[in-house]
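J.: Quick one: the structure is below, questions incoming.
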Amino acid sequence: MNPRDLHALPAPDPAAAAHSARLVEAIRVEMAAGNGAIPFARFMELALYAPGLGYYRAGARKFGAGGDFVTAPELSPLFSRCVARQCRQVLARLGGGRILELGAGSGVMAAAMLQELEALASLPDQYAILELSAELRERQQHTLAAQIPHLQERVCWLDTLPAAGFRGIMIANEVVDAMPVERFRISPAGPRPLQVAWERDRFVWCEGEEEPILTDAVNRLQEKLGYALPPAYESEFNARLPAWIAALAESLEKGVVLLIDYGYPRREYYHPARRTGTLRCHYRHRVHTDPLILPGLQDITASVDFSALADAALSADLAVGGYTSQIYFLFGCGLESLLAAVDPADTISYLRLSNQVKILTLPGEMGELCKAIALCRQVDEPLCGFSFFDERGRL
Ligand SMILES: C[S@@+](CC[C@H](N)C(=O)[O-])C[C@H]1O[C@@H](n2cnc3c(N)ncnc32)[C@H](O)[C@@H]1O
C-alpha cells in the first residue's frame, strides 16, 4: 500500500477528522514559532502525547479488535499469566515486594496478572501503575473494577516514578517502542536530522542543518557498529532512553526491570539493508510507514535498539539478567504447562487458546519480533523467563 494513498485506509469519521485538524493546528503553531520545521521526535511526541489531543491522550479506542492494533496482553491472558510467573519468582526471591507496571494500556494485563498471582498465592504487596494518559487511567480503573473487584485495593496509580527504595519488579510491555525517536539521514556531508514541516496541505519531511549532538550520536553509533552506514540511509534512535533507564534505576533499590517490546540488537537494527528505519504506524489494523498522516488518530512506533538499552542499563549500574525472544521467554515462564492444563475436550476453549499461542510465539509474528530483557539490581538468581534460551551474547 502506498501510505500516502489515504484511499487505501479507512476514512476517519467527521469527529475524528475534526480532532485531527485541531492537533494539526497545534503542531503548525509550534512550527511557526520556530523556523518552520520541528524535529521528528517533537512531532512524534505531539502526535502521541499532546495534552487532550495526542493519540494516547485522547479518547480513541486504540487497543483490541475495535481499535488500531492488538498487543500481547490484549490478544491473550496467557501472555500476562506467563509474565506473572516471572514476577512471582522475583518476588519470592526478594521475600515480597511491589509490582510497578509502566504504560498499562487498557488494564487487562494488570487484571490477568493479579488473578494469576492470587491463584498462585503470590500476590504482591501492591500493584502500582504509572500511566501518562488520564483517559487510559480511567479505562484501567474500569477494567479492574469489572474483572477483579476484590483485588482493587492492592492497585494504585502513580504520577511519577516511586522515590528511591522500590523493591520488586517493574514491567513494561510495548512502552519503549511508543517513545519519541530522533530521525536521521546519512547525507553526503554527514548525518543530518530529518525534521517535519508543513507544505501546502500536509506535513512533509525535510532535512535539517547539521546538529552537533545528533552528529556525535550517529558517529558513536557507527563506531559501535564497526561500519559506516551507507549514503542516504535513514533510521532513528531513542535519545531519551538513557535518562529513562537511569530514572528507573534510581528508583529501584532491589529487584528487576522487565521490558518486552518489538526490537533487535544494534547490528540487526542498523543493518545496511534496513535503509529506511523501523517506524511503523497502526490505524484500524492497517500497518504502514507514514507517521506524518492522520496525526492523533494513528499509533506511531519505532523498534527498540536492545543493545542501546543494555548499554543504558549498565551505565545506570543495572545488570542485564537475560535477553531473549518472546517465544523463549513465554516457554521459560511455563506457557506449555498453562496450555496443557486446558482440557482438550473443551474444543472451543482449546482451539481459541492454541490460536492465541500461535500468534504469541510464531517467528513471523510476535514470537521473534518481540524480545524480553531483564535489568537486575541485587538479583543474581537465573530468571525463569530466560532459562530456555538466553541471547545476551547477541546484544
Ligand atoms: C502500545 S501502548 C502499550 C499498552 C500496554 N502496555 C499493552 O501492552 O497493551 C504504549 C503505552 O505506553 C505508554 N507510555 C509511553 N511512554 C511512557 C513513559 N515514559 N512512561 C510510562 N508510560 C509510557 C503510553 O501512554 C501507552 O499507554
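Identifiers in this document derive from the order of the C-alpha cells: chains are assigned A, B, ..., residues are numbered from 1 separately in each chain, and ligands are numbered from 1 in order of occurrence.
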Using only C-alpha atoms, which residues sit within 9 Å of Val320 of chain A once same-chain residues fewer than 3 positions away are excluded, as an MDAnalysis selection string?
T.: chainID A and resid 310 313:314 323 373:376 392
J.: As a list in words, please: every protein or nucleic acid residue near ligand 1 (cut-off 6 Å, counting only C-alpha atoms and all ligand atoms).
T.: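 What falls inside 6 Å of ligand 1 is Tyr56, Thr71, Pro73, Glu74, Leu102, Gly103, Ala104, Gly105, Leu130, Glu131, Leu132, Ser133, Ala172, Asn173, Glu174, Val175, Ala178 and Met179 of chain A.
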J.: Write to file, as a PDB file, in the first residue's frame, the residues of the selection just made, with N, CA and C atoms.
T.:
```
ATOM      1  N   TYR A  56      -2.404   9.033  22.461  1.00  0.00           N
ATOM      2  CA  TYR A  56      -2.559   8.372  23.769  1.00  0.00           C
ATOM      3  C   TYR A  56      -3.199   9.274  24.820  1.00  0.00           C
ATOM      4  N   THR A  71      -2.093  -5.694  21.254  1.00  0.00           N
ATOM      5  CA  THR A  71      -0.846  -6.017  21.957  1.00  0.00           C
ATOM      6  C   THR A  71      -0.991  -7.427  22.562  1.00  0.00           C
ATOM      7  N   PRO A  73      -0.939  -8.644  25.674  1.00  0.00           N
ATOM      8  CA  PRO A  73      -1.919  -8.867  26.748  1.00  0.00           C
ATOM      9  C   PRO A  73      -3.356  -8.741  26.272  1.00  0.00           C
ATOM     10  N   GLU A  74      -3.577  -7.941  25.203  1.00  0.00           N
ATOM     11  CA  GLU A  74      -4.933  -7.826  24.653  1.00  0.00           C
ATOM     12  C   GLU A  74      -5.301  -9.100  23.903  1.00  0.00           C
ATOM     13  N   LEU A 102       4.410   0.032  33.915  1.00  0.00           N
ATOM     14  CA  LEU A 102       4.532   1.323  33.219  1.00  0.00           C
ATOM     15  C   LEU A 102       3.687   1.251  31.953  1.00  0.00           C
ATOM     16  N   GLY A 103       2.855   2.263  31.711  1.00  0.00           N
ATOM     17  CA  GLY A 103       2.035   2.298  30.491  1.00  0.00           C
ATOM     18  C   GLY A 103       1.126   1.096  30.393  1.00  0.00           C
ATOM     19  N   ALA A 104       0.067   1.055  31.197  1.00  0.00           N
ATOM     20  CA  ALA A 104      -0.709  -0.181  31.367  1.00  0.00           C
ATOM     21  C   ALA A 104      -1.848  -0.359  30.362  1.00  0.00           C
ATOM     22  N   GLY A 105      -1.932   0.466  29.334  1.00  0.00           N
ATOM     23  CA  GLY A 105      -2.932   0.262  28.274  1.00  0.00           C
ATOM     24  C   GLY A 105      -4.351   0.217  28.820  1.00  0.00           C
ATOM     25  N   LEU A 130       1.959   3.304  36.521  1.00  0.00           N
ATOM     26  CA  LEU A 130       2.339   4.668  36.123  1.00  0.00           C
ATOM     27  C   LEU A 130       1.806   4.875  34.715  1.00  0.00           C
ATOM     28  N   GLU A 131       0.805   5.729  34.602  1.00  0.00           N
ATOM     29  CA  GLU A 131       0.135   5.937  33.307  1.00  0.00           C
ATOM     30  C   GLU A 131       0.123   7.426  32.991  1.00  0.00           C
ATOM     31  N   LEU A 132       0.608   7.774  31.797  1.00  0.00           N
ATOM     32  CA  LEU A 132       0.676   9.184  31.413  1.00  0.00           C
ATOM     33  C   LEU A 132      -0.685   9.729  30.991  1.00  0.00           C
ATOM     34  N   SER A 133      -1.581   8.824  30.556  1.00  0.00           N
ATOM     35  CA  SER A 133      -2.837   9.278  29.969  1.00  0.00           C
ATOM     36  C   SER A 133      -3.983   9.172  30.975  1.00  0.00           C
ATOM     37  N   ALA A 172       7.076  -3.402  31.690  1.00  0.00           N
ATOM     38  CA  ALA A 172       6.525  -2.531  30.640  1.00  0.00           C
ATOM     39  C   ALA A 172       6.458  -3.329  29.359  1.00  0.00           C
ATOM     40  N   ASN A 173       5.254  -3.471  28.828  1.00  0.00           N
ATOM     41  CA  ASN A 173       5.079  -4.152  27.548  1.00  0.00           C
ATOM     42  C   ASN A 173       4.731  -3.117  26.483  1.00  0.00           C
ATOM     43  N   GLU A 174       5.507  -3.104  25.422  1.00  0.00           N
ATOM     44  CA  GLU A 174       5.287  -2.169  24.304  1.00  0.00           C
ATOM     45  C   GLU A 174       5.185  -0.717  24.789  1.00  0.00           C
ATOM     46  N   VAL A 175       6.093  -0.333  25.649  1.00  0.00           N
ATOM     47  CA  VAL A 175       6.136   1.056  26.100  1.00  0.00           C
ATOM     48  C   VAL A 175       7.318   1.775  25.443  1.00  0.00           C
ATOM     49  N   ALA A 178       6.911   3.109  22.044  1.00  0.00           N
ATOM     50  CA  ALA A 178       5.984   4.240  21.888  1.00  0.00           C
ATOM     51  C   ALA A 178       6.653   5.555  22.308  1.00  0.00           C
ATOM     52  N   MET A 179       7.978   5.519  22.542  1.00  0.00           N
ATOM     53  CA  MET A 179       8.677   6.754  22.928  1.00  0.00           C
ATOM     54  C   MET A 179       9.145   7.502  21.680  1.00  0.00           C
TER      55      MET A 179
END
```
J.: Could you pull out the strand (DSSP E) residues of segment 65-311 of chain A from DSSP and send them as number ranges by chain?
T.: A: 98-102, 126-130, 155-158, 166-173, 182-187, 190-199, 202-207, 234-237, 252-264, 280-283, 286-288, 299-301, 304-305
J.: Please identify all polymer residues within 12 Å of Ala341 of chain A, counting only C-alpha atoms, omitting same-chain residues fewer than 5 positions from it, and present them as a list in words.
T.: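 What passes the distance filter is Leu78, Gly334, Leu335, Glu336, Asp346, Ser349, Tyr350 and Leu353 of chain A.
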J.: Using backbone DSSP assignments, extract all helix (DSSP H, G or I) residues from segment 320-378 of chain A; output them as a PyMOL selection string.
T.: chain A and resi 326-332+335-340+347-361+366-369
J.: What separation in Å, quoted to one decimal, exists between atom CA of Arg98 of chain A and atom CA of Phe166 of chain A?
T.: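 Between these atoms lies a distance of 7.6 Å.
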J.: For segment 23-39 of chain A, list every protein, DNA or RNA residue within 7 Å, evaluated using only C-alpha atoms, and leave out those in the same chain fewer than 6 positions away; present the list as a list in words.
T.: Leu53, Leu194, Gln195, Val196, Ala197, Pro295 and Gly296 of chain A
J.: May I have the residues from that selection written out with all heavy atoms, as a short mmCIF file (atom, residue, chain, number, x, y, z; two decimals), in the first residue's frame?
T.:
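part-v7.cif, written as the output of this step:
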```
data_model
loop_
_atom_site.label_atom_id
_atom_site.label_comp_id
_atom_site.auth_asym_id
_atom_site.auth_seq_id
_atom_site.Cartn_x
_atom_site.Cartn_y
_atom_site.Cartn_z
N LEU A 53 -5.08 15.99 22.96
CA LEU A 53 -5.16 15.84 21.50
C LEU A 53 -4.37 14.65 20.97
O LEU A 53 -4.73 14.04 19.97
CB LEU A 53 -4.61 17.12 20.82
CG LEU A 53 -5.46 18.38 20.96
CD1 LEU A 53 -4.71 19.59 20.40
CD2 LEU A 53 -6.80 18.22 20.25
N LEU A 194 16.28 14.55 10.33
CA LEU A 194 15.09 14.66 9.48
C LEU A 194 14.01 15.32 10.32
O LEU A 194 13.69 14.85 11.40
CB LEU A 194 14.66 13.28 9.00
CG LEU A 194 15.53 12.71 7.88
CD1 LEU A 194 15.11 11.30 7.53
CD2 LEU A 194 15.48 13.60 6.64
N GLN A 195 13.53 16.44 9.80
CA GLN A 195 12.54 17.21 10.53
C GLN A 195 11.19 17.15 9.81
O GLN A 195 11.09 16.59 8.73
CB GLN A 195 13.02 18.66 10.63
CG GLN A 195 14.38 18.76 11.30
CD GLN A 195 14.81 20.18 11.51
OE1 GLN A 195 14.52 21.05 10.68
NE2 GLN A 195 15.48 20.44 12.62
N VAL A 196 10.22 17.79 10.44
CA VAL A 196 8.88 17.80 9.83
C VAL A 196 8.46 19.25 9.60
O VAL A 196 8.60 20.10 10.50
CB VAL A 196 7.85 17.09 10.74
CG1 VAL A 196 6.47 17.06 10.07
CG2 VAL A 196 8.31 15.67 11.06
N ALA A 197 7.97 19.54 8.40
CA ALA A 197 7.48 20.89 8.06
C ALA A 197 6.08 20.75 7.45
O ALA A 197 5.60 19.64 7.24
CB ALA A 197 8.44 21.55 7.08
N PRO A 295 -2.52 12.66 12.06
CA PRO A 295 -1.99 12.97 13.40
C PRO A 295 -3.06 12.84 14.48
O PRO A 295 -4.17 13.33 14.32
CB PRO A 295 -1.52 14.43 13.29
CG PRO A 295 -1.65 14.81 11.87
CD PRO A 295 -2.44 13.77 11.13
N GLY A 296 -2.71 12.16 15.54
CA GLY A 296 -3.63 11.99 16.67
C GLY A 296 -4.57 10.82 16.49
O GLY A 296 -5.25 10.41 17.42
#
```
J.: Ranking A:Arg42, A:Arg185, A:Arg85, A:Lys62 by minimum distance to Cys333 of chain A and counting only C-alpha atoms, which one comes first?
T.: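 Of the candidates, the smallest distance to Cys333 of chain A is held by A:Arg85.
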J.: Leu252 of chain A: which residues within 8 Å, counting only C-alpha atoms, same-chain residues fewer than 3 positions away excluded, as a PyMOL selection string?
T.: chain A and resi 164-168+248-249+255-256+377
J.: Which of these residues is nearest to Phe329 of chain A, using only C-alpha atoms: A:Ile213, A:Ala302, A:Cys384, A:Val181?
T.: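 Nearest to Phe329 of chain A: A:Cys384.
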J.: With distances taken over only C-alpha atoms, which of A:Pro180, A:Leu158, A:Tyr328, A:Gly226 is nearest to Leu46 of chain A?
T.: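 Checking each of A:Pro180, A:Leu158, A:Tyr328, A:Gly226 against Leu46 of chain A, counting only C-alpha atoms, the winner is A:Pro180.
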J.: With a distance cut-off of 8 Å and only C-alpha atoms, select the neighbouring residues of Phe237 of chain A, excluding the residue or stretch itself and same-chain residues fewer than 3 positions from it, and output the selection as a compact mmCIF listing (two decimals) with N, CA, C and O atoms, in the first residue's frame.
T.:
```txt
# COMPACT_ATOMS: atom_id res chain seq x y z
N VAL A 181 11.33 9.27 18.93
CA VAL A 181 12.71 8.99 18.49
C VAL A 181 13.20 10.09 17.55
O VAL A 181 12.41 10.74 16.86
N GLU A 182 14.51 10.27 17.54
CA GLU A 182 15.16 11.19 16.60
C GLU A 182 15.34 10.45 15.28
O GLU A 182 15.74 9.29 15.27
N ARG A 183 15.07 11.15 14.19
CA ARG A 183 15.22 10.51 12.88
C ARG A 183 16.39 11.18 12.15
O ARG A 183 16.56 12.40 12.24
N ASP A 305 16.21 -0.53 20.06
CA ASP A 305 17.59 -1.00 19.91
C ASP A 305 17.98 -1.59 21.28
O ASP A 305 18.31 -0.85 22.22
```
J.: For segment 112-124 of chain A, list every protein, DNA or RNA residue within 7 Å, evaluated using only C-alpha atoms, and leave out those in the same chain fewer than 3 positions away; present the list as a ChimeraX atom specification.
T.: /A:77,80-81,84,88,96-99,108-109,127
J.: Produce a file of the selected residues containing all heavy atoms, as a compact mmCIF listing (two decimals), in the first residue's frame.
T.:
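Generated file (out07.txt):
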```txt
# COMPACT_ATOMS: atom_id res chain seq x y z
N PRO A 77 -4.77 -13.79 27.63
CA PRO A 77 -4.39 -13.74 29.05
C PRO A 77 -3.17 -14.64 29.33
O PRO A 77 -2.50 -14.47 30.35
CB PRO A 77 -5.63 -14.26 29.78
CG PRO A 77 -6.47 -14.93 28.74
CD PRO A 77 -6.12 -14.35 27.41
N SER A 80 -0.02 -12.57 29.94
CA SER A 80 0.09 -11.94 31.27
C SER A 80 0.32 -12.99 32.36
O SER A 80 1.03 -12.73 33.33
CB SER A 80 -1.19 -11.15 31.57
OG SER A 80 -1.46 -10.27 30.52
N ARG A 81 -0.27 -14.17 32.17
CA ARG A 81 -0.07 -15.23 33.17
C ARG A 81 1.40 -15.66 33.19
O ARG A 81 1.96 -15.95 34.26
CB ARG A 81 -0.99 -16.41 32.87
CG ARG A 81 -2.46 -16.06 33.07
CD ARG A 81 -3.36 -17.22 32.75
NE ARG A 81 -3.17 -18.33 33.69
CZ ARG A 81 -3.66 -19.55 33.51
NH1 ARG A 81 -4.36 -19.82 32.41
NH2 ARG A 81 -3.44 -20.49 34.39
N ALA A 84 3.30 -12.99 34.91
CA ALA A 84 3.02 -13.11 36.35
C ALA A 84 3.94 -14.15 36.98
O ALA A 84 4.42 -13.98 38.11
CB ALA A 84 1.55 -13.49 36.57
N ARG A 88 6.41 -13.67 40.02
CA ARG A 88 6.32 -14.49 41.22
C ARG A 88 7.72 -14.95 41.66
O ARG A 88 8.06 -14.91 42.84
CB ARG A 88 5.44 -15.70 40.92
CG ARG A 88 5.32 -16.68 42.04
CD ARG A 88 4.76 -17.94 41.45
NE ARG A 88 4.37 -18.88 42.46
CZ ARG A 88 4.41 -20.19 42.28
NH1 ARG A 88 4.80 -20.69 41.13
NH2 ARG A 88 4.04 -20.99 43.24
N GLY A 96 8.99 -10.92 48.97
CA GLY A 96 7.85 -9.99 48.85
C GLY A 96 8.28 -8.73 48.12
O GLY A 96 9.44 -8.61 47.73
N GLY A 97 7.35 -7.83 47.94
CA GLY A 97 7.67 -6.58 47.25
C GLY A 97 6.51 -6.13 46.39
O GLY A 97 5.41 -6.69 46.45
N ARG A 98 6.80 -5.10 45.59
CA ARG A 98 5.74 -4.48 44.79
C ARG A 98 5.92 -4.77 43.30
O ARG A 98 7.03 -5.10 42.87
CB ARG A 98 5.80 -2.95 44.97
CG ARG A 98 5.36 -2.50 46.35
CD ARG A 98 5.24 -1.00 46.40
NE ARG A 98 6.53 -0.35 46.60
CZ ARG A 98 6.74 0.96 46.45
NH1 ARG A 98 5.76 1.75 46.06
NH2 ARG A 98 7.93 1.48 46.67
N ILE A 99 4.85 -4.62 42.55
CA ILE A 99 4.94 -4.63 41.08
C ILE A 99 4.59 -3.22 40.63
O ILE A 99 3.65 -2.61 41.15
CB ILE A 99 3.96 -5.65 40.46
CG1 ILE A 99 4.35 -7.07 40.86
CG2 ILE A 99 3.95 -5.52 38.94
CD1 ILE A 99 3.41 -8.16 40.34
N VAL A 108 -5.81 -4.72 31.03
CA VAL A 108 -6.06 -6.17 31.02
C VAL A 108 -4.88 -6.97 31.56
O VAL A 108 -5.06 -8.04 32.16
CB VAL A 108 -6.42 -6.73 29.61
CG1 VAL A 108 -7.81 -6.33 29.19
CG2 VAL A 108 -5.39 -6.32 28.59
N MET A 109 -3.66 -6.45 31.36
CA MET A 109 -2.50 -7.19 31.85
C MET A 109 -2.49 -7.17 33.39
O MET A 109 -2.25 -8.20 34.03
CB MET A 109 -1.22 -6.58 31.29
CG MET A 109 0.02 -7.24 31.78
SD MET A 109 1.31 -7.12 30.53
CE MET A 109 2.72 -6.99 31.56
N TYR A 127 0.23 -3.30 43.61
CA TYR A 127 0.40 -3.27 42.16
C TYR A 127 0.21 -1.81 41.75
O TYR A 127 -0.91 -1.28 41.80
CB TYR A 127 -0.63 -4.16 41.48
CG TYR A 127 -0.36 -4.45 40.01
CD1 TYR A 127 0.08 -5.70 39.60
CD2 TYR A 127 -0.54 -3.47 39.03
CE1 TYR A 127 0.34 -5.97 38.26
CE2 TYR A 127 -0.29 -3.73 37.69
CZ TYR A 127 0.15 -4.99 37.32
OH TYR A 127 0.41 -5.26 35.99
```
